[in-house]
Amino acid sequence: MSDQGFHRQFDLEDEERERLLEELDAAIAPTDSKRANLRHVFRATDIPIVVRHPQGGESRFLMYGRNISRGGISVIHAGYVTIGAVCQVVLPQLSGKPVATRGVVRHCRLVAGSWHELGIHFGEEVDPSIIEGVPTSVEQRVGDACHGDGPRDVILIAESFEPERDLLLHQLTMCGLGARGVCTSGALLDVVQQEPVRLVLSGLSVATDDGLRTIQRLREMDFDGPIMMATADPDPQVAIWAREAGATSVVTKPINVDLLVAQMRVHVDPQPPSTEIFSTVADQPGMPQLVDRFVTATRQVVEQIEAAYERGEHDEARELCLRLKACGVGYGFHTLTVSAISALNALDRRESTSDVANRIGELVTCGRALASRSIAADAA
């Protein structure tokens with residue numbers, strides 16, 4: 001495969017790139033005991049990668065290499081890529097003939113400015129010793145990005161319907177989150193008592209009160225981690241009952257996995273606010289103009305939210321927050337929807353003045369950081 005049609009969104013100067021990679025490599029993982037494959041330094045500057053978007057279509061990028069193992073590769077890219085997106089990675093061989101391998105994006109995290117680190121898990125193992133640019137004398141352990149079986153945060157999924165539980169566990173695993181499942185409230189309570197749990201997602205039935213009683217019991221046991229309740233019941237009263245029982249937030253079924261992962265990462269892997277937030281769909285046909293108009297409208301809405309809250313008109317602020325919650329994901333801004341949900345929860349639960357003000361401030365900051373520049377525009 002030639003590199004025709006491939007482009008890099010932004011360029012990093014050699015010195016700037018090396019400084020970024022050195023900073024990432026300095027964050028050595030505390031243990032490699034659970035890592036299936038040793039990683040090797042791989043500083044290639046032009047790795048052709050085809051990203052096939054879950055919503056349809058594909059984009060061709062040139063990305064900077066960070067490290068590689070038999071099981072996957074870590075690369076640096078100037079933009080967000082949807083977790084779970086299927087990729088084709090083209091690697092240079094010592095023989096001179098490039099090899100293309102299929103992979104899946106397991107994680108995408110912001111590391112500096114608009115630069116993201118992508119962890120791509122290979123469908124079939126690749127021997128690093130045949131790849132040009134990989135050191136052959138010393139096997140090097142580098143950095144903290146995990147695209148293999150490294151230590152993960154424990155997320156506990158409680159769901160009595162086995163097919164739904166299995167699918168959700170599979171989806172979260174593909175997104176690089178460590179999760180395990182239980183099928184009853186008793187099993188959920190036992191695990192929380194015996195093991196460290198960062199977050200609970202409960203899909204246990206609300207109709208039988210089992211789900212609500214379980215949330216109450218968790219709080220009575222002094223579990224202070226986030227509890228997300230998933231329900232297919234559209235009755236608004238269900239969300240009220242869940243929050244009164246102690247739920248941090250309510251997720252509506254059918255579940256949007258990208259949004260769910262974004263909400264979970266706020267709790268288990270908080271990131272500092274970004275100066276620019278890019279849409280994940282801005283390079284799709286017909287979307288650049290729509291994204292541009294949405295960004296302009298959102299900036300106006302967050303200014304209105306800030307002003308309404310300062311005037312004490314909380315109902316108006318809430319209505320405006322609902323607008324952003326409703327369509328942020330559709331425009332590829334999952335972070336915006338998560339921030340709007342957080343602000344709405346604070347308003348609805350009548351949290352302290354300082355907490356509500358903080359959530360409103362975070363939403364305003366997020367709205368101002370949205371970037372209308374599309375991948376297509378960058379390539380022009």
# chains A, B, ... in the order shown; residues from 1 in each chain; ligands from 1
call {"tool": "residues_around", "arguments": {"residues": "A:Pro135", "least_positions_apart": "5", "cutoff": "10 Å", "atoms": "only C-alpha atoms", "output": "ChimeraX atom specification"}}
result
/A:40-43,128-129,140
call {"tool": "residues_around", "arguments": {"residues": "A:Val338", "least_positions_apart": "5", "cutoff": "12 Å", "atoms": "only C-alpha atoms", "output": "PyMOL selection string"}}
result
chain A and resi 249-251+258-267+321-322+324-329+332-333+343-345+359+362-363+366-367
call {"tool": "write_last_selection", "arguments": {"atoms": "C-alpha atoms", "output": "compact mmCIF listing (two decimals), in the first residue's frame"}}
result
# COMPACT_ATOMS: atom_id res chain seq x y z
CA SER A 249 -25.91 9.25 37.41
CA VAL A 250 -28.49 7.41 35.31
CA VAL A 251 -27.76 5.85 31.90
CA ASP A 258 -18.90 5.77 23.33
CA LEU A 259 -20.86 8.05 25.66
CA LEU A 260 -20.83 5.49 28.47
CA VAL A 261 -17.05 5.11 28.19
CA ALA A 262 -16.63 8.89 28.19
CA GLN A 263 -18.71 9.12 31.38
CA MET A 264 -16.77 6.31 33.03
CA ARG A 265 -13.40 7.83 32.15
CA VAL A 266 -14.40 11.04 33.93
CA HIS A 267 -14.44 8.94 37.12
CA CYS A 321 -27.91 22.43 29.53
CA LEU A 322 -30.46 19.98 28.11
CA LEU A 324 -26.14 20.51 24.80
CA LYS A 325 -26.72 17.12 26.40
CA ALA A 326 -29.14 16.16 23.63
CA CYS A 327 -26.93 16.77 20.60
CA GLY A 328 -23.30 16.86 21.76
CA VAL A 329 -22.74 13.18 20.92
CA GLY A 332 -18.92 14.03 17.86
CA PHE A 333 -18.39 15.98 21.10
CA ALA A 343 -24.16 20.06 35.37
CA LEU A 344 -27.73 18.76 35.14
CA ASN A 345 -27.12 16.23 37.92
CA ARG A 359 -20.11 21.94 37.22
CA GLU A 362 -16.69 23.11 33.62
CA LEU A 363 -19.49 23.02 31.04
CA CYS A 366 -15.81 22.78 27.63
CA GLY A 367 -18.14 24.69 25.30
call {"tool": "atom_distance", "arguments": {"atom1": "atom CA of A:Glu351", "atom2": "atom CA of A:Leu177"}}
result
29.5 Å
call {"tool": "atom_distance", "arguments": {"atom1": "atom CA of A:His7", "atom2": "atom CA of A:Gly65"}}
result
14.8 Å
call {"tool": "closest_residue", "arguments": {"among": "A:Val182, A:Ala340, A:Arg243, A:Met221", "to": "A:Glu162", "atoms": "only C-alpha atoms"}}
result
A:Val182
call {"tool": "residues_around", "arguments": {"residues": "A:Leu204", "least_positions_apart": "4", "cutoff": "10 Å", "atoms": "only C-alpha atoms", "output": "PDB file with N, CA and C atoms, in the first residue's frame"}}
result
ATOM      1  N   ILE A 157     -19.954  -4.556  36.711  1.00  0.00           N
ATOM      2  CA  ILE A 157     -21.214  -4.483  35.985  1.00  0.00           C
ATOM      3  C   ILE A 157     -22.190  -5.472  36.597  1.00  0.00           C
ATOM      4  N   ALA A 158     -23.327  -4.978  37.080  1.00  0.00           N
ATOM      5  CA  ALA A 158     -24.371  -5.845  37.640  1.00  0.00           C
ATOM      6  C   ALA A 158     -25.555  -5.862  36.674  1.00  0.00           C
ATOM      7  N   GLU A 159     -25.793  -6.999  36.046  1.00  0.00           N
ATOM      8  CA  GLU A 159     -26.870  -7.128  35.061  1.00  0.00           C
ATOM      9  C   GLU A 159     -27.368  -8.570  35.062  1.00  0.00           C
ATOM     10  N   SER A 160     -28.681  -8.764  35.309  1.00  0.00           N
ATOM     11  CA  SER A 160     -29.231 -10.108  35.429  1.00  0.00           C
ATOM     12  C   SER A 160     -29.450 -10.784  34.082  1.00  0.00           C
ATOM     13  N   PHE A 161     -29.588 -10.000  32.990  1.00  0.00           N
ATOM     14  CA  PHE A 161     -29.802 -10.574  31.670  1.00  0.00           C
ATOM     15  C   PHE A 161     -28.446 -10.875  31.052  1.00  0.00           C
ATOM     16  N   CYS A 183     -24.430 -11.114  38.314  1.00  0.00           N
ATOM     17  CA  CYS A 183     -25.813 -11.187  37.845  1.00  0.00           C
ATOM     18  C   CYS A 183     -26.851 -10.943  38.929  1.00  0.00           C
ATOM     19  N   THR A 184     -26.443 -10.840  40.192  1.00  0.00           N
ATOM     20  CA  THR A 184     -27.400 -10.623  41.278  1.00  0.00           C
ATOM     21  C   THR A 184     -26.917  -9.519  42.209  1.00  0.00           C
ATOM     22  N   SER A 185     -27.849  -8.969  42.964  1.00  0.00           N
ATOM     23  CA  SER A 185     -27.483  -7.923  43.921  1.00  0.00           C
ATOM     24  C   SER A 185     -26.579  -8.474  45.015  1.00  0.00           C
ATOM     25  N   THR A 208     -38.724  -4.217  40.299  1.00  0.00           N
ATOM     26  CA  THR A 208     -38.857  -5.046  41.502  1.00  0.00           C
ATOM     27  C   THR A 208     -38.217  -4.389  42.718  1.00  0.00           C
ATOM     28  N   ASP A 209     -37.732  -3.152  42.530  1.00  0.00           N
ATOM     29  CA  ASP A 209     -37.035  -2.407  43.590  1.00  0.00           C
ATOM     30  C   ASP A 209     -35.668  -2.982  43.921  1.00  0.00           C
ATOM     31  N   ASP A 210     -35.274  -4.099  43.249  1.00  0.00           N
ATOM     32  CA  ASP A 210     -33.990  -4.722  43.540  1.00  0.00           C
ATOM     33  C   ASP A 210     -32.840  -3.762  43.249  1.00  0.00           C
ATOM     34  N   GLY A 211     -32.939  -3.055  42.124  1.00  0.00           N
ATOM     35  CA  GLY A 211     -31.879  -2.138  41.755  1.00  0.00           C
ATOM     36  C   GLY A 211     -31.722  -0.993  42.735  1.00  0.00           C
ATOM     37  N   LEU A 212     -32.840  -0.426  43.176  1.00  0.00           N
ATOM     38  CA  LEU A 212     -32.797   0.701  44.108  1.00  0.00           C
ATOM     39  C   LEU A 212     -32.291   0.269  45.479  1.00  0.00           C
ATOM     40  N   ARG A 213     -32.766  -0.882  45.967  1.00  0.00           N
ATOM     41  CA  ARG A 213     -32.326  -1.370  47.277  1.00  0.00           C
ATOM     42  C   ARG A 213     -30.823  -1.656  47.269  1.00  0.00           C
ATOM     43  N   THR A 214     -30.330  -2.167  46.158  1.00  0.00           N
ATOM     44  CA  THR A 214     -28.905  -2.482  46.060  1.00  0.00           C
ATOM     45  C   THR A 214     -28.057  -1.217  46.131  1.00  0.00           C
ATOM     46  N   ILE A 215     -28.499  -0.159  45.448  1.00  0.00           N
ATOM     47  CA  ILE A 215     -27.772   1.110  45.502  1.00  0.00           C
ATOM     48  C   ILE A 215     -27.762   1.646  46.933  1.00  0.00           C
ATOM     49  N   MET A 229     -26.542   3.958  37.242  1.00  0.00           N
ATOM     50  CA  MET A 229     -27.656   3.029  37.074  1.00  0.00           C
ATOM     51  C   MET A 229     -28.135   3.060  35.634  1.00  0.00           C
ATOM     52  N   ALA A 230     -28.249   1.889  35.012  1.00  0.00           N
ATOM     53  CA  ALA A 230     -28.714   1.779  33.636  1.00  0.00           C
ATOM     54  C   ALA A 230     -30.156   1.276  33.639  1.00  0.00           C
ATOM     55  N   THR A 231     -31.031   1.950  32.909  1.00  0.00           N
ATOM     56  CA  THR A 231     -32.433   1.553  32.871  1.00  0.00           C
ATOM     57  C   THR A 231     -33.025   1.828  31.497  1.00  0.00           C
TER      58      THR A 231
END
call {"tool": "select_by_dssp", "arguments": {"residues": "stretch 95-239 of chain A", "states": "alpha helix (DSSP H)", "output": "PyMOL selection string"}}
result
chain A and resi 162-174+185-194+210-220+236-239
call {"tool": "atom_distance", "arguments": {"atom1": "atom CA of A:Ser342", "atom2": "atom CA of A:Arg318"}}
result
11.3 Å
